[in-house]
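Listing of entry_37.pdb; format and content: PDB, C-alpha atoms and all ligand atoms.
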ATOM      1  CA  MET A 216      19.032  33.734 164.816
ATOM      2  CA  THR A 217      21.536  31.121 163.882
ATOM      3  CA  SER A 218      24.981  31.588 165.264
ATOM      4  CA  SER A 219      27.641  32.271 162.706
ATOM      5  CA  SER A 220      30.874  30.368 162.843
ATOM      6  CA  ALA A 221      32.558  32.734 160.416
ATOM      7  CA  LEU A 222      35.994  33.989 161.384
ATOM      8  CA  VAL A 223      38.249  36.633 159.995
ATOM      9  CA  CYS A 224      40.989  34.921 158.009
ATOM     10  CA  ASP A 225      44.501  35.927 159.087
ATOM     11  CA  GLY A 226      45.786  35.501 155.542
ATOM     12  CA  CYS A 227      43.445  37.935 153.857
ATOM     13  CA  GLY A 228      41.270  39.722 156.397
ATOM     14  CA  GLN A 229      38.070  38.468 154.791
ATOM     15  CA  MET A 230      35.243  36.777 156.668
ATOM     16  CA  ALA A 231      36.044  33.138 156.266
ATOM     17  CA  SER A 232      34.225  29.823 156.308
ATOM     18  CA  ALA A 233      35.830  26.659 157.644
ATOM     19  CA  GLU A 234      36.521  25.680 154.040
ATOM     20  CA  HIS A 235      38.215  29.013 153.360
ATOM     21  CA  ILE A 236      40.487  28.497 156.366
ATOM     22  CA  ALA A 237      41.252  24.926 155.315
ATOM     23  CA  ARG A 238      42.273  26.060 151.835
ATOM     24  CA  ARG A 239      44.362  28.848 153.316
ATOM     25  CA  LEU A 240      46.240  26.392 155.540
ATOM     26  CA  GLN A 241      46.773  24.045 152.621
ATOM     27  CA  ARG A 242      48.261  26.814 150.481
ATOM     28  CA  LEU A 243      50.417  27.901 153.413
ATOM     29  CA  GLU A 244      51.792  24.390 153.788
ATOM     30  CA  TRP A 245      52.613  24.104 150.075
ATOM     31  CA  THR A 246      54.220  27.530 150.047
ATOM     32  CA  THR A 247      56.285  27.237 153.221
ATOM     33  CA  ARG A 248      58.039  24.163 151.875
ATOM     34  CA  TYR A 249      59.658  26.224 149.119
ATOM     35  CA  ARG A 250      60.395  29.409 150.961
ATOM     36  CA  PRO A 251      64.095  30.256 150.568
ATOM     37  CA  VAL A 252      66.010  30.810 153.805
ATOM     38  CA  HIS A 253      67.238  34.093 152.344
ATOM     39  CA  ILE A 254      64.767  35.655 149.980
ATOM     40  CA  ASN A 255      66.441  37.552 147.205
ATOM     41  CA  THR A 256      63.404  38.738 145.271
ATOM     42  CA  LEU A 257      59.919  38.742 146.715
ATOM     43  CA  PHE A 258      57.234  38.820 144.039
ATOM     44  CA  LEU A 259      54.179  40.511 145.464
ATOM     45  CA  GLY A 260      50.874  39.934 143.718
ATOM     46  CA  ALA A 261      47.426  41.217 144.643
ATOM     47  CA  PHE A 262      45.574  38.086 145.712
ATOM     48  CA  SER A 263      45.833  34.336 145.339
ATOM     49  CA  PRO A 264      44.195  32.971 142.198
ATOM     50  CA  GLN A 265      40.757  31.351 142.492
ATOM     51  CA  ASP A 266      41.903  28.289 140.628
ATOM     52  CA  GLU A 267      44.497  26.131 142.327
ATOM     53  CA  LYS A 268      46.071  25.320 138.942
ATOM     54  CA  ASP A 269      47.057  28.989 138.706
ATOM     55  CA  PHE A 270      48.652  28.898 142.161
ATOM     56  CA  LEU A 271      52.411  28.639 141.774
ATOM     57  CA  TYR A 272      53.053  26.393 144.771
ATOM     58  CA  ALA A 273      50.244  23.907 144.094
ATOM     59  CA  PRO A 274      51.704  20.396 143.865
ATOM     60  CA  GLY A 275      49.742  19.370 140.764
ATOM     61  CA  GLY A 276      52.382  20.809 138.470
ATOM     62  CA  GLU A 277      49.978  22.202 135.898
ATOM     63  CA  PHE A 278      51.300  25.749 136.240
ATOM     64  CA  ARG A 279      48.561  27.597 134.456
ATOM     65  CA  GLY A 280      47.605  31.272 134.428
ATOM     66  CA  GLN A 281      49.577  33.454 136.816
ATOM     67  CA  ALA A 282      51.969  30.620 137.728
ATOM     68  CA  ALA A 283      52.817  29.944 134.081
ATOM     69  CA  LEU A 284      53.376  33.617 133.327
ATOM     70  CA  LEU A 285      55.709  34.117 136.268
ATOM     71  CA  LEU A 286      57.768  30.990 135.574
ATOM     72  CA  GLU A 287      58.129  31.970 131.936
ATOM     73  CA  ALA A 288      59.115  35.511 132.865
ATOM     74  CA  VAL A 289      61.848  34.362 135.267
ATOM     75  CA  GLY A 290      63.047  31.831 132.696
ATOM     76  CA  ILE A 291      62.212  28.582 134.461
ATOM     77  CA  SER A 292      60.876  26.048 132.004
ATOM     78  CA  THR A 293      58.381  23.462 133.187
ATOM     79  CA  ALA A 294      58.583  21.095 130.234
ATOM     80  CA  GLY A 295      59.156  17.527 131.320
ATOM     81  CA  LYS A 296      59.745  18.508 134.950
ATOM     82  CA  SER A 297      57.854  17.506 138.047
ATOM     83  CA  ALA A 298      56.305  20.218 140.185
ATOM     84  CA  GLU A 299      58.923  19.596 142.902
ATOM     85  CA  VAL A 300      61.782  20.229 140.493
ATOM     86  CA  VAL A 301      60.225  23.466 139.279
ATOM     87  CA  HIS A 302      59.503  24.626 142.842
ATOM     88  CA  ALA A 303      63.041  23.786 143.937
ATOM     89  CA  GLU A 304      64.497  25.739 141.022
ATOM     90  CA  PHE A 305      62.384  28.762 141.879
ATOM     91  CA  GLN A 306      63.452  28.481 145.518
ATOM     92  CA  ARG A 307      67.148  28.089 144.674
ATOM     93  CA  ALA A 308      67.025  31.297 142.671
ATOM     94  CA  GLY A 309      66.013  33.041 145.892
ATOM     95  CA  PHE A 310      62.527  33.771 144.588
ATOM     96  CA  PHE A 311      59.409  33.785 146.679
ATOM     97  CA  LEU A 312      55.878  34.660 145.667
ATOM     98  CA  THR A 313      53.279  36.033 148.004
ATOM     99  CA  HIS A 314      50.149  38.119 147.718
ATOM    100  CA  VAL A 315      48.724  41.092 149.588
ATOM    101  CA  LEU A 316      45.677  38.883 150.135
ATOM    102  CA  GLU A 317      46.984  35.368 150.639
ATOM    103  CA  CYS A 318      43.600  34.004 149.553
ATOM    104  CA  PRO A 319      41.374  34.527 146.532
ATOM    105  CA  ILE A 320      38.881  37.385 146.662
ATOM    106  CA  GLU A 321      35.615  35.985 147.997
ATOM    107  CA  GLY A 322      32.356  36.663 146.255
ATOM    108  CA  VAL A 323      31.792  36.847 142.544
ATOM    109  CA  GLY A 324      32.045  40.126 140.729
ATOM    110  CA  SER A 325      33.712  42.002 143.551
ATOM    111  CA  LEU A 326      33.668  45.661 142.616
ATOM    112  CA  PRO A 327      37.049  47.273 141.910
ATOM    113  CA  ALA A 328      36.473  49.652 144.815
ATOM    114  CA  GLU A 329      35.854  46.733 147.163
ATOM    115  CA  VAL A 330      38.942  44.956 145.904
ATOM    116  CA  GLN A 331      40.982  48.114 146.402
ATOM    117  CA  GLY A 332      39.554  48.488 149.905
ATOM    118  CA  ALA A 333      40.405  44.884 150.768
ATOM    119  CA  LEU A 334      43.945  45.313 149.443
ATOM    120  CA  LYS A 335      44.472  48.608 151.260
ATOM    121  CA  ALA A 336      43.245  47.186 154.529
ATOM    122  CA  ARG A 337      45.890  44.451 154.357
ATOM    123  CA  LEU A 338      48.885  46.662 153.609
ATOM    124  CA  PRO A 339      49.962  47.305 157.218
ATOM    125  CA  ALA A 340      49.981  43.536 157.860
ATOM    126  CA  VAL A 341      51.887  42.955 154.615
ATOM    127  CA  ALA A 342      54.490  45.550 155.577
ATOM    128  CA  THR A 343      55.034  43.915 158.960
ATOM    129  CA  ARG A 344      55.330  40.469 157.395
ATOM    130  CA  VAL A 345      57.812  41.627 154.743
ATOM    131  CA  ARG A 346      59.923  43.622 157.178
ATOM    132  CA  ARG A 347      60.016  41.197 160.090
ATOM    133  CA  SER A 348      59.561  37.775 158.599
ATOM    134  CA  LEU A 349      60.276  37.549 154.866
ATOM    135  CA  LYS A 350      63.103  40.126 154.840
ATOM    136  CA  PRO A 351      63.719  40.059 151.088
ATOM    137  CA  LYS A 352      66.449  42.061 149.402
ATOM    138  CA  ARG A 353      63.811  43.575 147.138
ATOM    139  CA  VAL A 354      60.148  43.431 146.298
ATOM    140  CA  MET A 355      58.799  43.343 142.766
ATOM    141  CA  ALA A 356      55.158  44.366 142.508
ATOM    142  CA  LEU A 357      53.258  42.211 140.046
ATOM    143  CA  THR A 358      50.015  42.284 138.116
ATOM    144  CA  GLU A 359      47.534  44.871 137.022
ATOM    145  CA  ALA A 360      45.332  44.045 140.015
ATOM    146  CA  LEU A 361      47.868  45.729 142.264
ATOM    147  CA  SER A 362      47.787  49.022 140.331
ATOM    148  CA  SER A 363      45.207  50.696 142.543
ATOM    149  CA  VAL A 364      47.386  50.385 145.649
ATOM    150  CA  VAL A 365      50.864  50.564 144.173
ATOM    151  CA  GLN A 366      51.508  54.082 145.447
ATOM    152  CA  ASP A 367      50.460  52.964 148.930
ATOM    153  CA  ILE A 368      52.915  50.066 148.692
ATOM    154  CA  VAL A 369      55.769  52.405 147.801
ATOM    155  CA  MET A 370      54.964  54.425 150.937
ATOM    156  CA  LEU A 371      55.177  51.371 153.205
ATOM    157  CA  ASP A 372      58.229  50.665 155.297
ATOM    158  CA  LEU A 373      59.218  47.286 153.880
ATOM    159  CA  GLY A 374      62.880  47.508 154.838
ATOM    160  CA  CYS A 375      63.912  47.065 151.187
ATOM    161  CA  SER A 376      63.399  48.593 147.772
ATOM    162  CA  VAL A 377      60.260  48.125 145.695
ATOM    163  CA  LEU A 378      60.809  47.638 141.974
ATOM    164  CA  LEU A 379      58.137  48.924 139.636
ATOM    165  CA  ASP A 380      57.685  49.142 135.904
ATOM    166  CA  ARG A 381      57.512  52.863 135.147
ATOM    167  CA  GLY A 382      55.665  53.500 138.365
ATOM    168  CA  LYS A 383      53.294  50.563 137.915
ATOM    169  CA  PRO A 384      53.327  46.909 138.878
ATOM    170  CA  PHE A 385      55.018  44.632 136.358
ATOM    171  CA  ARG A 386      52.589  42.923 134.014
ATOM    172  CA  LEU A 387      53.577  39.506 132.801
ATOM    173  CA  GLU A 388      51.029  39.055 130.033
ATOM    174  CA  LYS A 389      52.443  39.669 126.603
ATOM    175  CA  SER A 390      50.576  42.365 124.745
ATOM    176  CA  PRO A 391      51.170  43.469 121.152
ATOM    177  CA  GLY A 392      53.646  46.319 120.729
ATOM    178  CA  GLU A 393      54.624  46.217 124.381
ATOM    179  CA  ASN A 394      57.623  44.641 126.011
ATOM    180  CA  GLU A 395      56.632  44.392 129.658
ATOM    181  CA  VAL A 396      58.223  40.998 130.021
ATOM    182  CA  GLU A 397      61.561  42.305 128.733
ATOM    183  CA  ARG A 398      61.429  45.170 131.213
ATOM    184  CA  PHE A 399      60.614  42.710 133.972
ATOM    185  CA  ARG A 400      63.637  40.600 133.026
ATOM    186  CA  GLU A 401      65.918  43.611 132.873
ATOM    187  CA  ALA A 402      64.787  44.756 136.305
ATOM    188  CA  LEU A 403      65.253  41.259 137.676
ATOM    189  CA  ALA A 404      68.724  40.900 136.148
ATOM    190  CA  GLY A 405      69.739  44.313 137.485
ATOM    191  CA  ALA A 406      68.435  43.396 140.904
ATOM    192  CA  ALA A 407      70.376  40.146 140.976
ATOM    193  CA  LYS A 408      73.658  42.037 140.659
ATOM    194  CA  ASP A 409      73.431  43.967 143.883
TER     195      ASP A 409
HETATM  196 ZN    ZN B   1      41.735  34.096 153.672
END
As a first step, turn the structure in this file into structure tokens.
Amino acid sequence: MTSSSALVCDGCGQMASAEHIARRLQRLEWTTRYRPVHINTLFLGAFSPQDEKDFLYAPGGEFRGQAALLLEAVGISTAGKSAEVVHAEFQRAGFFLTHVLECPIEGVGSLPAEVQGALKARLPAVATRVRRSLKPKRVMALTEALSSVVQDIVMLDLGCSVLLDRGKPFRLEKSPGENEVERFREALAGAAKD
């Protein structure tokens, strides 16, 4: 028997290698830098993207995937700007992005049921973090991946309201004949007034 050095990651609850923990700490450092003192709108996604280029707070400034979709939806353009400028703009607007799992899902081809289980298991910790530490004025649930637990999220005591798109998380991908992004913007604009 070889001894295992695996730990449970405090950012996602998954069994974690040293590399997993190192990446988690790196993301935490990038993210903390741009956390607003008073969070107006907390965007809550399901889990951190696998690819760092899709991670909003990564310093590379490529803003692909999820990061690009969110910035476009909130109306922050990235053209000709450094990553710091974009991050500062997002912060100044009182926006903060976090995920139920603050790390990517480990293991390829994780079954939807396993993903749902992993998300569900984290919800009590998420609720505590939102209520005691982040204290946003409102939470906006984002991405399809959160759909399976969205009703559980609504039941949590987050100390603030949870905005949904017709009972579902907001989707930021544009799809033909749908106007999810418009509904997201309307909800965000309405939220900013209170
Ligand atoms: Zn983790």
### Message
At a cut-off of 8 Å around ligand ZN 1 (chain B), and using only C-alpha atoms and all ligand atoms, what residues come up? Please write them as a list in words.
### Response
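Listed by chain and ascending number, the contacts are Val223, Cys224, Asp225, Gly226, Cys227, Gly228, Gln229, Met230, Ala231, His235, Ile236, Arg239, Leu316, Glu317, Cys318 and Pro319 of chain A.
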### Message
If I take atom CA of A:Val301 and atom CA of A:Pro384, how far is one from the other in Å, to one decimal?
### Response
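Between atom CA of A:Val301 and atom CA of A:Pro384 the gap works out to 24.4 Å.
In this model, the gap between atom CA of A:Ala356 and atom CA of A:Arg386 comes to 9.0 Å.
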### Query
Which residue, A:Pro391, A:Gly276, A:Leu371, A:Pro251, has the smallest gap to A:Val300 when you use all atoms listed in the file?
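Going through A:Pro391, A:Gly276, A:Leu371, A:Pro251 one by one, the smallest distance to A:Val300 is for A:Gly276.
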### Query
So how far away is atom CA of A:Pro339 from atom CA of A:Phe258, in Å?
17.3 Å
### Task
Run the PyMOL selection byres (((chain A and resi 332) around 12) and not hetatm) against the file shown and list the residues it catches, as an NGL selection string.
:A and (227-229 or 261 or 315-316 or 320 or 325-331 or 333-338 or 361 or 363-364 or 367)
### Task
Counting only C-alpha atoms, figure out which residue out of A:Phe278, A:Val377, A:Val341, A:Ser297 gets nearest to A:Ala402.
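Distance minimum relative to A:Ala402 lands on A:Val377.
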### Message
Applying the PyMOL selection byres (((chain A and resi 245) around 12) and not hetatm) to the file I just gave you, which residues come out? Please list them as a PyMOL selection string.
### Response
chain A and resi 238-244+246-250+267+270-275+298-299+302+312
